[in-house]
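J.: Sharing a structure, written as structure tokens. Questions coming.
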Amino acid sequence: MASNPAPTPERAIYGFVLYIFSFAAFGTFLVWAFIPEHWLAAIGLTYWPQRSWAVVIPVYSSVCIVFLYILYTAYNFTITKPLHSINTITDEYAKPVLHEDMTNQSVPPIGDLSISEVNRRLYQRNINDRG
């Protein structure tokens, strides 16, 4: 069976259960973090982690997210081709821009410029520009 991203009744039920569970877990976390311990003990809830974890878990999660961004960026640097590689100029998926059937007022089509076209536009000076 092929994977289909369309909404189905099963996905709606799973989503609703996860939604309710996440609110219940967050509510339990807030109760544990802010209600005094003797109140919790009075209603029979005595086995809880230390209160320092109420600060440590969010800070640890935030630091992990920041570290994941740094790690993702570093990984992308490691898989990027070096500047002297031909793959930084073109590859088999390059789609050249065809300038026919264009007027001066039209928006150019989407495509890849060749390196010679880029060099010509960036570095070639007109005769009138020499000074």
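Lettering and numbering for the structure tokens are positional, with chains as A, B, ... in the shown order, residues counted from 1 in each chain, and ligands counted from 1 in the shown order.
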Could you pull the residues within 12 Å of Val118 (chain A), counting only C-alpha atoms, minus those fewer than 6 positions along the same chain, as a PyMOL selection string?
T.: chain A and resi 89+112+124
J.: With a distance cut-off of 12 Å and only C-alpha atoms, select the neighbouring residues of Lys81 (chain A), excluding the residue or stretch itself and same-chain residues fewer than 6 positions from it, and output the selection as a PDB file with all heavy atoms, in the first residue's frame.
T.:
```pdb
ATOM      1  N   ASN A  87      31.130  19.990  -9.902  1.00  0.00           N
ATOM      2  CA  ASN A  87      29.745  19.911  -9.440  1.00  0.00           C
ATOM      3  C   ASN A  87      29.240  21.208  -8.819  1.00  0.00           C
ATOM      4  O   ASN A  87      28.039  21.371  -8.633  1.00  0.00           O
ATOM      5  CB  ASN A  87      29.581  18.771  -8.437  1.00  0.00           C
ATOM      6  CG  ASN A  87      29.718  17.430  -9.110  1.00  0.00           C
ATOM      7  OD1 ASN A  87      29.410  17.278 -10.283  1.00  0.00           O
ATOM      8  ND2 ASN A  87      30.213  16.455  -8.375  1.00  0.00           N
ATOM      9  N   THR A  88      30.141  22.125  -8.474  1.00  0.00           N
ATOM     10  CA  THR A  88      29.684  23.421  -7.983  1.00  0.00           C
ATOM     11  C   THR A  88      29.275  24.330  -9.136  1.00  0.00           C
ATOM     12  O   THR A  88      28.645  25.361  -8.915  1.00  0.00           O
ATOM     13  CB  THR A  88      30.775  24.123  -7.156  1.00  0.00           C
ATOM     14  OG1 THR A  88      31.916  24.311  -7.977  1.00  0.00           O
ATOM     15  CG2 THR A  88      31.119  23.322  -5.923  1.00  0.00           C
ATOM     16  N   ILE A  89      29.631  23.965 -10.358  1.00  0.00           N
ATOM     17  CA  ILE A  89      29.291  24.769 -11.535  1.00  0.00           C
ATOM     18  C   ILE A  89      28.043  24.232 -12.214  1.00  0.00           C
ATOM     19  O   ILE A  89      27.125  24.974 -12.539  1.00  0.00           O
ATOM     20  CB  ILE A  89      30.479  24.806 -12.519  1.00  0.00           C
ATOM     21  CG1 ILE A  89      31.667  25.478 -11.837  1.00  0.00           C
ATOM     22  CG2 ILE A  89      30.102  25.530 -13.792  1.00  0.00           C
ATOM     23  CD1 ILE A  89      32.935  25.422 -12.621  1.00  0.00           C
ATOM     24  N   THR A  90      27.991  22.928 -12.432  1.00  0.00           N
ATOM     25  CA  THR A  90      26.835  22.339 -13.103  1.00  0.00           C
ATOM     26  C   THR A  90      26.702  20.872 -12.706  1.00  0.00           C
ATOM     27  O   THR A  90      27.619  20.284 -12.147  1.00  0.00           O
ATOM     28  CB  THR A  90      26.949  22.482 -14.634  1.00  0.00           C
ATOM     29  OG1 THR A  90      25.724  22.050 -15.218  1.00  0.00           O
ATOM     30  CG2 THR A  90      28.089  21.660 -15.181  1.00  0.00           C
ATOM     31  N   ASP A  91      25.541  20.318 -12.993  1.00  0.00           N
ATOM     32  CA  ASP A  91      25.315  18.895 -12.772  1.00  0.00           C
ATOM     33  C   ASP A  91      24.298  18.408 -13.795  1.00  0.00           C
ATOM     34  O   ASP A  91      23.898  19.143 -14.694  1.00  0.00           O
ATOM     35  CB  ASP A  91      24.868  18.603 -11.343  1.00  0.00           C
ATOM     36  CG  ASP A  91      23.553  19.265 -10.985  1.00  0.00           C
ATOM     37  OD1 ASP A  91      22.955  19.921 -11.852  1.00  0.00           O
ATOM     38  OD2 ASP A  91      23.118  19.115  -9.835  1.00  0.00           O
TER      39      ASP A  91
END
```
J.: CA of Pro82 (chain A) and CA of Ile115 (chain A), how far apart in Å?
T.: 16.3 Å
J.: Take CA of Cys64 (chain A) and CA of Ser52 (chain A) and report the distance between them in Å, one decimal.
T.: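 Computing it gives 18.1 Å between the two atoms.
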J.: Leaving out Phe29 (chain A) and any residue of its chain fewer than 4 positions from it, which residues lie within 12 Å of it when counting only C-alpha atoms, given as a list in words?
T.: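 My list of contacting residues is Ser22, Phe23, Ala24, Ala25, Ala33, Phe34, Ile35, Trp48, Pro49, Arg51, Trp53, Ala54, Val55, Ile57 and Pro58 of chain A.
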